[in-house]
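A.B. asks: Okay, so here is input.pdb, and as you'll see once you scroll down, it has PDB, C-alpha atoms and all ligand atoms.
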```pdb
MODEL        1
ATOM      1  CA  MET A  23    -101.772  39.013 -55.129  1.00  0.00           C
ATOM      2  CA  SER A  24    -105.227  40.475 -55.681  1.00  0.00           C
ATOM      3  CA  GLU A  25    -104.897  42.945 -52.794  1.00  0.00           C
ATOM      4  CA  PHE A  26    -101.785  44.839 -53.981  1.00  0.00           C
ATOM      5  CA  ASP A  27    -100.183  45.904 -57.228  1.00  0.00           C
ATOM      6  CA  ALA A  28     -96.801  46.025 -55.494  1.00  0.00           C
ATOM      7  CA  ILE A  29     -95.504  44.912 -52.116  1.00  0.00           C
ATOM      8  CA  PHE A  30     -92.369  46.130 -50.350  1.00  0.00           C
ATOM      9  CA  VAL A  31     -90.478  44.084 -47.782  1.00  0.00           C
ATOM     10  CA  GLY A  32     -89.110  46.439 -45.138  1.00  0.00           C
ATOM     11  CA  ALA A  33     -90.048  50.064 -44.477  1.00  0.00           C
ATOM     12  CA  GLY A  34     -86.696  51.786 -44.983  1.00  0.00           C
ATOM     13  CA  HIS A  35     -86.750  55.085 -46.817  1.00  0.00           C
ATOM     14  CA  ASN A  36     -86.139  53.439 -50.199  1.00  0.00           C
ATOM     15  CA  SER A  37     -89.285  51.275 -49.872  1.00  0.00           C
ATOM     16  CA  LEU A  38     -91.266  54.193 -48.483  1.00  0.00           C
ATOM     17  CA  ALA A  39     -90.217  56.461 -51.368  1.00  0.00           C
ATOM     18  CA  CYS A  40     -91.071  53.796 -53.988  1.00  0.00           C
ATOM     19  CA  ALA A  41     -94.396  52.950 -52.339  1.00  0.00           C
ATOM     20  CA  ALA A  42     -95.401  56.614 -52.017  1.00  0.00           C
ATOM     21  CA  HIS A  43     -94.445  57.312 -55.632  1.00  0.00           C
ATOM     22  CA  LEU A  44     -96.452  54.348 -56.953  1.00  0.00           C
ATOM     23  CA  ALA A  45     -99.408  55.026 -54.627  1.00  0.00           C
ATOM     24  CA  LEU A  46     -99.635  58.588 -55.951  1.00  0.00           C
ATOM     25  CA  LYS A  47     -99.775  57.072 -59.439  1.00  0.00           C
ATOM     26  CA  GLY A  48    -102.776  54.993 -58.368  1.00  0.00           C
ATOM     27  CA  TRP A  49    -101.066  51.688 -57.527  1.00  0.00           C
ATOM     28  CA  LYS A  50    -102.248  49.712 -54.493  1.00  0.00           C
ATOM     29  CA  THR A  51     -99.038  49.334 -52.482  1.00  0.00           C
ATOM     30  CA  GLY A  52     -98.328  47.348 -49.318  1.00  0.00           C
ATOM     31  CA  VAL A  53     -95.279  47.925 -47.127  1.00  0.00           C
ATOM     32  CA  PHE A  54     -94.394  45.199 -44.619  1.00  0.00           C
ATOM     33  CA  GLU A  55     -91.963  45.972 -41.804  1.00  0.00           C
ATOM     34  CA  ARG A  56     -90.720  43.430 -39.279  1.00  0.00           C
ATOM     35  CA  GLY A  57     -89.554  46.053 -36.756  1.00  0.00           C
ATOM     36  CA  ALA A  58     -91.693  48.100 -34.367  1.00  0.00           C
ATOM     37  CA  THR A  59     -90.891  51.361 -36.189  1.00  0.00           C
ATOM     38  CA  ILE A  60     -90.496  52.413 -39.780  1.00  0.00           C
ATOM     39  CA  GLY A  61     -87.571  54.239 -41.348  1.00  0.00           C
ATOM     40  CA  GLY A  62     -84.853  51.571 -41.279  1.00  0.00           C
ATOM     41  CA  ALA A  63     -81.456  53.214 -40.772  1.00  0.00           C
ATOM     42  CA  VAL A  64     -82.956  56.698 -41.173  1.00  0.00           C
ATOM     43  CA  GLN A  65     -84.659  57.462 -37.864  1.00  0.00           C
ATOM     44  CA  THR A  66     -84.372  60.168 -35.197  1.00  0.00           C
ATOM     45  CA  ARG A  67     -85.474  59.007 -31.757  1.00  0.00           C
ATOM     46  CA  GLU A  68     -84.622  59.210 -28.055  1.00  0.00           C
ATOM     47  CA  PHE A  69     -82.011  56.436 -28.086  1.00  0.00           C
ATOM     48  CA  THR A  70     -80.118  57.494 -24.944  1.00  0.00           C
ATOM     49  CA  LEU A  71     -81.855  59.787 -22.457  1.00  0.00           C
ATOM     50  CA  PRO A  72     -85.358  61.275 -22.542  1.00  0.00           C
ATOM     51  CA  GLY A  73     -85.359  64.594 -24.360  1.00  0.00           C
ATOM     52  CA  PHE A  74     -82.149  63.858 -26.336  1.00  0.00           C
ATOM     53  CA  ARG A  75     -83.012  62.921 -29.888  1.00  0.00           C
ATOM     54  CA  HIS A  76     -80.334  61.241 -32.014  1.00  0.00           C
ATOM     55  CA  ASP A  77     -80.014  59.907 -35.520  1.00  0.00           C
ATOM     56  CA  PHE A  78     -79.860  56.122 -35.411  1.00  0.00           C
ATOM     57  CA  GLY A  79     -77.861  55.577 -38.609  1.00  0.00           C
ATOM     58  CA  ALA A  80     -77.784  58.060 -41.456  1.00  0.00           C
ATOM     59  CA  MET A  81     -77.302  61.652 -40.330  1.00  0.00           C
ATOM     60  CA  ASN A  82     -76.022  63.413 -43.432  1.00  0.00           C
ATOM     61  CA  LEU A  83     -79.132  63.546 -45.592  1.00  0.00           C
ATOM     62  CA  SER A  84     -77.925  65.975 -48.250  1.00  0.00           C
ATOM     63  CA  LEU A  85     -78.097  63.319 -50.971  1.00  0.00           C
ATOM     64  CA  PHE A  86     -81.750  62.694 -50.131  1.00  0.00           C
ATOM     65  CA  ALA A  87     -82.447  66.432 -49.861  1.00  0.00           C
ATOM     66  CA  GLY A  88     -81.020  66.869 -53.363  1.00  0.00           C
ATOM     67  CA  SER A  89     -82.745  63.806 -54.818  1.00  0.00           C
ATOM     68  CA  ALA A  90     -85.360  63.764 -57.568  1.00  0.00           C
ATOM     69  CA  PHE A  91     -87.842  62.250 -55.072  1.00  0.00           C
ATOM     70  CA  HIS A  92     -87.413  65.080 -52.582  1.00  0.00           C
ATOM     71  CA  ARG A  93     -87.624  67.702 -55.328  1.00  0.00           C
ATOM     72  CA  LYS A  94     -90.912  66.207 -56.533  1.00  0.00           C
ATOM     73  CA  TYR A  95     -92.528  65.615 -53.139  1.00  0.00           C
ATOM     74  CA  ALA A  96     -90.942  68.313 -50.916  1.00  0.00           C
ATOM     75  CA  ASN A  97     -94.297  69.934 -50.087  1.00  0.00           C
ATOM     76  CA  GLU A  98     -96.048  66.651 -49.254  1.00  0.00           C
ATOM     77  CA  LEU A  99     -93.099  65.511 -47.105  1.00  0.00           C
ATOM     78  CA  LYS A 100     -93.023  68.837 -45.248  1.00  0.00           C
ATOM     79  CA  ALA A 101     -96.760  68.622 -44.627  1.00  0.00           C
ATOM     80  CA  GLN A 102     -96.167  65.176 -43.080  1.00  0.00           C
ATOM     81  CA  GLY A 103     -93.531  66.618 -40.725  1.00  0.00           C
ATOM     82  CA  LEU A 104     -90.238  66.113 -42.580  1.00  0.00           C
ATOM     83  CA  GLU A 105     -87.699  68.603 -41.303  1.00  0.00           C
ATOM     84  CA  PHE A 106     -83.912  68.729 -41.752  1.00  0.00           C
ATOM     85  CA  ALA A 107     -81.868  69.965 -38.809  1.00  0.00           C
ATOM     86  CA  PRO A 108     -78.594  71.603 -39.906  1.00  0.00           C
ATOM     87  CA  VAL A 109     -75.934  71.320 -37.191  1.00  0.00           C
ATOM     88  CA  ALA A 110     -72.527  72.985 -36.843  1.00  0.00           C
ATOM     89  CA  ASP A 111     -70.997  70.354 -34.543  1.00  0.00           C
ATOM     90  CA  CYS A 112     -72.354  67.323 -36.309  1.00  0.00           C
ATOM     91  CA  PHE A 113     -70.662  64.283 -34.811  1.00  0.00           C
ATOM     92  CA  ALA A 114     -68.262  63.298 -32.067  1.00  0.00           C
ATOM     93  CA  SER A 115     -66.687  60.283 -30.401  1.00  0.00           C
ATOM     94  CA  ALA A 116     -65.954  59.986 -26.682  1.00  0.00           C
ATOM     95  CA  PHE A 117     -62.979  57.849 -25.656  1.00  0.00           C
ATOM     96  CA  PRO A 118     -62.585  55.730 -22.490  1.00  0.00           C
ATOM     97  CA  ASP A 119     -59.816  58.014 -21.131  1.00  0.00           C
ATOM     98  CA  GLY A 120     -62.252  60.934 -20.985  1.00  0.00           C
ATOM     99  CA  ARG A 121     -61.014  62.685 -24.116  1.00  0.00           C
ATOM    100  CA  TRP A 122     -63.250  63.322 -27.094  1.00  0.00           C
ATOM    101  CA  PHE A 123     -63.050  64.340 -30.726  1.00  0.00           C
ATOM    102  CA  GLY A 124     -65.736  65.942 -32.832  1.00  0.00           C
ATOM    103  CA  VAL A 125     -66.068  67.354 -36.321  1.00  0.00           C
ATOM    104  CA  SER A 126     -67.426  70.849 -36.855  1.00  0.00           C
ATOM    105  CA  ASN A 127     -68.312  72.668 -40.068  1.00  0.00           C
ATOM    106  CA  ASP A 128     -65.783  75.299 -38.922  1.00  0.00           C
ATOM    107  CA  LEU A 129     -62.388  74.263 -40.331  1.00  0.00           C
ATOM    108  CA  GLU A 130     -60.382  76.025 -37.603  1.00  0.00           C
ATOM    109  CA  LYS A 131     -62.358  74.343 -34.827  1.00  0.00           C
ATOM    110  CA  THR A 132     -61.959  70.893 -36.359  1.00  0.00           C
ATOM    111  CA  ALA A 133     -58.249  71.358 -37.106  1.00  0.00           C
ATOM    112  CA  ALA A 134     -57.615  72.518 -33.514  1.00  0.00           C
ATOM    113  CA  ARG A 135     -59.450  69.478 -32.151  1.00  0.00           C
ATOM    114  CA  ILE A 136     -57.450  67.110 -34.383  1.00  0.00           C
ATOM    115  CA  ALA A 137     -54.196  68.880 -33.434  1.00  0.00           C
ATOM    116  CA  ALA A 138     -54.849  67.935 -29.798  1.00  0.00           C
ATOM    117  CA  PHE A 139     -54.208  64.356 -30.954  1.00  0.00           C
ATOM    118  CA  SER A 140     -51.838  64.803 -33.903  1.00  0.00           C
ATOM    119  CA  ALA A 141     -50.422  67.869 -35.655  1.00  0.00           C
ATOM    120  CA  ALA A 142     -49.724  65.764 -38.783  1.00  0.00           C
ATOM    121  CA  ASP A 143     -53.383  64.630 -38.961  1.00  0.00           C
ATOM    122  CA  ALA A 144     -54.543  68.241 -38.540  1.00  0.00           C
ATOM    123  CA  ALA A 145     -52.385  69.237 -41.528  1.00  0.00           C
ATOM    124  CA  THR A 146     -53.762  66.312 -43.553  1.00  0.00           C
ATOM    125  CA  TRP A 147     -57.331  67.391 -42.711  1.00  0.00           C
ATOM    126  CA  ARG A 148     -56.609  70.907 -44.001  1.00  0.00           C
ATOM    127  CA  ARG A 149     -55.113  69.442 -47.198  1.00  0.00           C
ATOM    128  CA  LEU A 150     -58.139  67.172 -47.774  1.00  0.00           C
ATOM    129  CA  VAL A 151     -60.628  70.002 -47.147  1.00  0.00           C
ATOM    130  CA  ALA A 152     -58.742  72.241 -49.620  1.00  0.00           C
ATOM    131  CA  ALA A 153     -58.742  69.460 -52.243  1.00  0.00           C
ATOM    132  CA  PHE A 154     -62.410  68.521 -51.781  1.00  0.00           C
ATOM    133  CA  PRO A 155     -64.104  71.127 -54.023  1.00  0.00           C
ATOM    134  CA  ALA A 156     -62.207  69.775 -57.054  1.00  0.00           C
ATOM    135  CA  GLU A 157     -63.359  66.234 -56.193  1.00  0.00           C
ATOM    136  CA  ALA A 158     -66.925  67.074 -55.173  1.00  0.00           C
ATOM    137  CA  GLU A 159     -68.350  67.377 -58.678  1.00  0.00           C
ATOM    138  CA  HIS A 160     -67.147  63.876 -59.591  1.00  0.00           C
ATOM    139  CA  LEU A 161     -68.049  62.233 -56.274  1.00  0.00           C
ATOM    140  CA  PHE A 162     -71.588  63.650 -56.209  1.00  0.00           C
ATOM    141  CA  ARG A 163     -72.100  62.855 -59.883  1.00  0.00           C
ATOM    142  CA  LEU A 164     -71.156  59.241 -59.156  1.00  0.00           C
ATOM    143  CA  LEU A 165     -73.324  59.042 -56.019  1.00  0.00           C
ATOM    144  CA  GLY A 166     -76.289  60.639 -57.772  1.00  0.00           C
ATOM    145  CA  SER A 167     -76.279  58.613 -60.979  1.00  0.00           C
ATOM    146  CA  PRO A 168     -77.842  55.230 -61.713  1.00  0.00           C
ATOM    147  CA  MET A 169     -75.437  52.282 -61.446  1.00  0.00           C
ATOM    148  CA  SER A 170     -75.579  51.552 -65.158  1.00  0.00           C
ATOM    149  CA  ALA A 171     -72.539  51.026 -67.399  1.00  0.00           C
ATOM    150  CA  ARG A 172     -73.621  54.032 -69.484  1.00  0.00           C
ATOM    151  CA  ALA A 173     -73.889  56.393 -66.476  1.00  0.00           C
ATOM    152  CA  LEU A 174     -70.579  55.184 -65.023  1.00  0.00           C
ATOM    153  CA  ALA A 175     -68.868  55.592 -68.405  1.00  0.00           C
ATOM    154  CA  GLY A 176     -70.246  59.166 -68.609  1.00  0.00           C
ATOM    155  CA  THR A 177     -68.846  59.969 -65.165  1.00  0.00           C
ATOM    156  CA  ALA A 178     -65.461  58.434 -66.032  1.00  0.00           C
ATOM    157  CA  TRP A 179     -65.325  60.404 -69.311  1.00  0.00           C
ATOM    158  CA  ASN A 180     -66.143  63.685 -67.553  1.00  0.00           C
ATOM    159  CA  LEU A 181     -63.536  62.954 -64.876  1.00  0.00           C
ATOM    160  CA  TRP A 182     -60.838  62.173 -67.456  1.00  0.00           C
ATOM    161  CA  ARG A 183     -61.624  65.337 -69.482  1.00  0.00           C
ATOM    162  CA  LYS A 184     -61.362  67.553 -66.401  1.00  0.00           C
ATOM    163  CA  LYS A 185     -58.508  65.901 -64.519  1.00  0.00           C
ATOM    164  CA  GLY A 186     -56.526  63.826 -67.009  1.00  0.00           C
ATOM    165  CA  ILE A 187     -55.157  60.377 -66.245  1.00  0.00           C
ATOM    166  CA  ALA A 188     -53.122  61.230 -63.138  1.00  0.00           C
ATOM    167  CA  GLY A 189     -55.983  63.297 -61.627  1.00  0.00           C
ATOM    168  CA  SER A 190     -58.507  60.549 -62.392  1.00  0.00           C
ATOM    169  CA  LEU A 191     -56.286  58.005 -60.666  1.00  0.00           C
ATOM    170  CA  ASP A 192     -56.140  60.332 -57.632  1.00  0.00           C
ATOM    171  CA  THR A 193     -59.950  60.446 -57.490  1.00  0.00           C
ATOM    172  CA  GLY A 194     -60.050  56.639 -57.871  1.00  0.00           C
ATOM    173  CA  ARG A 195     -57.619  56.306 -54.974  1.00  0.00           C
ATOM    174  CA  LEU A 196     -59.763  58.629 -52.823  1.00  0.00           C
ATOM    175  CA  LEU A 197     -62.886  56.572 -53.630  1.00  0.00           C
ATOM    176  CA  LEU A 198     -61.161  53.296 -52.815  1.00  0.00           C
ATOM    177  CA  SER A 199     -59.770  54.620 -49.522  1.00  0.00           C
TER     178      SER A 199
HETATM  179  C1  LIG A 201     -74.644  53.744 -39.075  1.00  0.00           C
HETATM  180  C2  LIG A 201     -75.065  54.180 -40.460  1.00  0.00           C
HETATM  181  C3  LIG A 201     -74.796  55.481 -40.866  1.00  0.00           C
HETATM  182  C4  LIG A 201     -75.196  55.919 -42.148  1.00  0.00           C
HETATM  183  N1  LIG A 201     -74.964  57.213 -42.499  1.00  0.00           N
HETATM  184  C5  LIG A 201     -75.446  57.679 -43.661  1.00  0.00           C
HETATM  185  C6  LIG A 201     -75.384  59.071 -43.967  1.00  0.00           C
HETATM  186  O1  LIG A 201     -74.909  59.885 -43.161  1.00  0.00           O
HETATM  187  N2  LIG A 201     -75.866  59.500 -45.165  1.00  0.00           N
HETATM  188  C7  LIG A 201     -76.431  58.623 -46.067  1.00  0.00           C
HETATM  189  O2  LIG A 201     -76.865  59.061 -47.143  1.00  0.00           O
HETATM  190  N3  LIG A 201     -76.527  57.293 -45.796  1.00  0.00           N
HETATM  191  C8  LIG A 201     -76.063  56.814 -44.618  1.00  0.00           C
HETATM  192  N4  LIG A 201     -76.198  55.487 -44.308  1.00  0.00           N
HETATM  193  C9  LIG A 201     -76.805  54.603 -45.310  1.00  0.00           C
HETATM  194  C10 LIG A 201     -78.333  54.723 -45.320  1.00  0.00           C
HETATM  195  O3  LIG A 201     -78.824  54.708 -44.002  1.00  0.00           O
HETATM  196  C11 LIG A 201     -78.904  53.549 -46.124  1.00  0.00           C
HETATM  197  O4  LIG A 201     -78.402  53.646 -47.443  1.00  0.00           O
HETATM  198  C12 LIG A 201     -80.415  53.583 -46.146  1.00  0.00           C
HETATM  199  O5  LIG A 201     -80.954  53.504 -44.841  1.00  0.00           O
HETATM  200  C13 LIG A 201     -80.922  52.403 -46.969  1.00  0.00           C
HETATM  201  O6  LIG A 201     -82.319  52.487 -46.976  1.00  0.00           O
HETATM  202  P1  LIG A 201     -83.179  51.229 -47.328  1.00  0.00           P
HETATM  203  O7  LIG A 201     -84.578  51.678 -47.360  1.00  0.00           O
HETATM  204  O8  LIG A 201     -82.650  50.596 -48.573  1.00  0.00           O
HETATM  205  O9  LIG A 201     -82.887  50.162 -46.167  1.00  0.00           O
HETATM  206  P2  LIG A 201     -82.870  50.269 -44.578  1.00  0.00           P
HETATM  207  O10 LIG A 201     -82.833  51.671 -44.094  1.00  0.00           O
HETATM  208  O11 LIG A 201     -81.783  49.337 -44.151  1.00  0.00           O
HETATM  209  O12 LIG A 201     -84.267  49.663 -44.139  1.00  0.00           O
HETATM  210  C14 LIG A 201     -84.570  48.303 -44.319  1.00  0.00           C
HETATM  211  C15 LIG A 201     -85.826  47.989 -43.509  1.00  0.00           C
HETATM  212  O13 LIG A 201     -86.278  46.689 -43.880  1.00  0.00           O
HETATM  213  C16 LIG A 201     -86.644  45.978 -42.716  1.00  0.00           C
HETATM  214  N5  LIG A 201     -86.532  44.558 -43.050  1.00  0.00           N
HETATM  215  C17 LIG A 201     -85.419  43.893 -43.425  1.00  0.00           C
HETATM  216  N6  LIG A 201     -85.720  42.613 -43.702  1.00  0.00           N
HETATM  217  C18 LIG A 201     -87.055  42.470 -43.528  1.00  0.00           C
HETATM  218  C19 LIG A 201     -87.958  41.385 -43.671  1.00  0.00           C
HETATM  219  N7  LIG A 201     -87.534  40.176 -44.076  1.00  0.00           N
HETATM  220  N8  LIG A 201     -89.273  41.586 -43.417  1.00  0.00           N
HETATM  221  C20 LIG A 201     -89.707  42.816 -43.024  1.00  0.00           C
HETATM  222  N9  LIG A 201     -88.904  43.888 -42.861  1.00  0.00           N
HETATM  223  C21 LIG A 201     -87.582  43.718 -43.118  1.00  0.00           C
HETATM  224  C22 LIG A 201     -85.670  46.471 -41.659  1.00  0.00           C
HETATM  225  O14 LIG A 201     -86.184  46.244 -40.359  1.00  0.00           O
HETATM  226  C23 LIG A 201     -85.586  47.968 -42.006  1.00  0.00           C
HETATM  227  O15 LIG A 201     -86.604  48.714 -41.357  1.00  0.00           O
HETATM  228  C24 LIG A 201     -75.836  55.023 -43.039  1.00  0.00           C
HETATM  229  C25 LIG A 201     -76.104  53.708 -42.604  1.00  0.00           C
HETATM  230  C26 LIG A 201     -75.747  53.303 -41.345  1.00  0.00           C
HETATM  231  C27 LIG A 201     -76.104  51.893 -40.918  1.00  0.00           C
ENDMDL
END
```
Can I see the file as structure tokens?
Ligand SMILES: Cc1cc2nc3c(=O)[nH]c(=O)nc-3n(C[C@H](O)[C@H](O)[C@H](O)COP(=O)(O)OP(=O)(O)OC[C@H]3O[C@@H](n4cnc5c(N)ncnc54)[C@H](O)[C@@H]3O)c2cc1C
C.D. replies:
Amino acid sequence: MSEFDAIFVGAGHNSLACAAHLALKGWKTGVFERGATIGGAVQTREFTLPGFRHDFGAMNLSLFAGSAFHRKYANELKAQGLEFAPVADCFASAFPDGRWFGVSNDLEKTAARIAAFSAADAATWRRLVAAFPAEAEHLFRLLGSPMSARALAGTAWNLWRKKGIAGSLDTGRLLLS
């Protein structure tokens, strides 16, 4: 108790961000990790073959990139080697029969790949992509706000004002699915 002002169990990025923030404010912080490496579910390492680096868990780090922590400490993080790698063909699955499916940030490419499996699913993908901009504001507001009753009520109020009851129920359905 005398050695640290705060201790963190586990060295995932949430602990690391808290510990760094407090340490820069002069707190003595200790981070204790049971694994051999730090980072928790946010790590890029050679998990398959030498020379091929993969994300272990999280790969879409836009919420972190847009976070208050990153805004405040972007320079320090960059100096320590933090680098985001934008990719056009961001994830794929290989199936036992030799076929594969992958998502691209090019709508036509993705729709063509889905159509190889199902024309109906390709049409649904196009519909969801077209509808996403109207949902994005509400989804990102929810993901980026504290989980307090006040913040959630603010998000719900904003959603209802912009989309009405039927539109809000649609967004609720999307979130639940
Ligand atoms: C497969 C997968 C894909 C994901 N994709 C995304 C994505 O694309 N975008 C996104 O924003 N989020 C994604 N997430 C979620 C994101 O990774 C987590 O929200 C984030 O990693 C949570 O960080 P954390 O620091 O709270 O915990 P974690 O990253 O889970 O880290 C916890 C750490 O604590 C250690 N630990 C646990 N118990 C103990 C103990 N008793 N003693 C010592 N150490 C301990 C663990 O070993 C680990 O290192 C994904 C998660 C997974 C699993």
A.B. asks: Report the residues retrieved by the PyMOL selection byres (((not hetatm)) within 9 of (chain A and resi 201)) from the displayed file, expressed as a PyMOL selection string.
C.D. replies: chain A and resi 30-39+53-65+77-86
A.B. asks: Emit the selected residues as a PDB file, in the coordinates of the input, including C-alpha atoms.
C.D. replies:
```pdb
ATOM      1  CA  PHE A  30     -92.369  46.130 -50.350  1.00  0.00           C
ATOM      2  CA  VAL A  31     -90.478  44.084 -47.782  1.00  0.00           C
ATOM      3  CA  GLY A  32     -89.110  46.439 -45.138  1.00  0.00           C
ATOM      4  CA  ALA A  33     -90.048  50.064 -44.477  1.00  0.00           C
ATOM      5  CA  GLY A  34     -86.696  51.786 -44.983  1.00  0.00           C
ATOM      6  CA  HIS A  35     -86.750  55.085 -46.817  1.00  0.00           C
ATOM      7  CA  ASN A  36     -86.139  53.439 -50.199  1.00  0.00           C
ATOM      8  CA  SER A  37     -89.285  51.275 -49.872  1.00  0.00           C
ATOM      9  CA  LEU A  38     -91.266  54.193 -48.483  1.00  0.00           C
ATOM     10  CA  ALA A  39     -90.217  56.461 -51.368  1.00  0.00           C
ATOM     11  CA  VAL A  53     -95.279  47.925 -47.127  1.00  0.00           C
ATOM     12  CA  PHE A  54     -94.394  45.199 -44.619  1.00  0.00           C
ATOM     13  CA  GLU A  55     -91.963  45.972 -41.804  1.00  0.00           C
ATOM     14  CA  ARG A  56     -90.720  43.430 -39.279  1.00  0.00           C
ATOM     15  CA  GLY A  57     -89.554  46.053 -36.756  1.00  0.00           C
ATOM     16  CA  ALA A  58     -91.693  48.100 -34.367  1.00  0.00           C
ATOM     17  CA  THR A  59     -90.891  51.361 -36.189  1.00  0.00           C
ATOM     18  CA  ILE A  60     -90.496  52.413 -39.780  1.00  0.00           C
ATOM     19  CA  GLY A  61     -87.571  54.239 -41.348  1.00  0.00           C
ATOM     20  CA  GLY A  62     -84.853  51.571 -41.279  1.00  0.00           C
ATOM     21  CA  ALA A  63     -81.456  53.214 -40.772  1.00  0.00           C
ATOM     22  CA  VAL A  64     -82.956  56.698 -41.173  1.00  0.00           C
ATOM     23  CA  GLN A  65     -84.659  57.462 -37.864  1.00  0.00           C
ATOM     24  CA  ASP A  77     -80.014  59.907 -35.520  1.00  0.00           C
ATOM     25  CA  PHE A  78     -79.860  56.122 -35.411  1.00  0.00           C
ATOM     26  CA  GLY A  79     -77.861  55.577 -38.609  1.00  0.00           C
ATOM     27  CA  ALA A  80     -77.784  58.060 -41.456  1.00  0.00           C
ATOM     28  CA  MET A  81     -77.302  61.652 -40.330  1.00  0.00           C
ATOM     29  CA  ASN A  82     -76.022  63.413 -43.432  1.00  0.00           C
ATOM     30  CA  LEU A  83     -79.132  63.546 -45.592  1.00  0.00           C
ATOM     31  CA  SER A  84     -77.925  65.975 -48.250  1.00  0.00           C
ATOM     32  CA  LEU A  85     -78.097  63.319 -50.971  1.00  0.00           C
ATOM     33  CA  PHE A  86     -81.750  62.694 -50.131  1.00  0.00           C
TER      34      PHE A  86
END
```
A.B. asks: Please write as an MDAnalysis selection string the list of polymer residues whose atoms come within 7 Å of (-96.0, 46.9, -51.9), counting only C-alpha atoms and keeping to the coordinates of the file.
C.D. replies: chainID A and resid 26:30 41 51:53
A.B. asks: Which value, in Å to one decimal, gives the distance between atom CA of Phe162 of chain A and atom CA of Gly88 of chain A?
C.D. replies: 10.4 Å
A.B. asks: What does the distance from atom CA of Arg75 of chain A to atom CA of Ala107 of chain A come to in Å, to one decimal?
C.D. replies: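 Atom-to-atom, atom CA of Arg75 of chain A to atom CA of Ala107 of chain A, that is 11.4 Å.
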A.B. asks: Can you work out the spacing between atom CA of Trp147 of chain A and atom CA of Val125 of chain A in Å, to one decimal?
C.D. replies: 10.8 Å
A.B. asks: When you look at segment 173-189 of chain A with a cut-off of 7 Å (counting only C-alpha atoms), what residues show up, excluding the ones that are within fewer than 5 positions of it in the same chain? I need them as a PDB file with C-alpha atoms, in the coordinates of the input.
C.D. replies:
```pdb
ATOM      1  CA  HIS A 160     -67.147  63.876 -59.591  1.00  0.00           C
ATOM      2  CA  ARG A 163     -72.100  62.855 -59.883  1.00  0.00           C
ATOM      3  CA  LEU A 164     -71.156  59.241 -59.156  1.00  0.00           C
ATOM      4  CA  SER A 167     -76.279  58.613 -60.979  1.00  0.00           C
ATOM      5  CA  PRO A 168     -77.842  55.230 -61.713  1.00  0.00           C
TER       6      PRO A 168
END
```
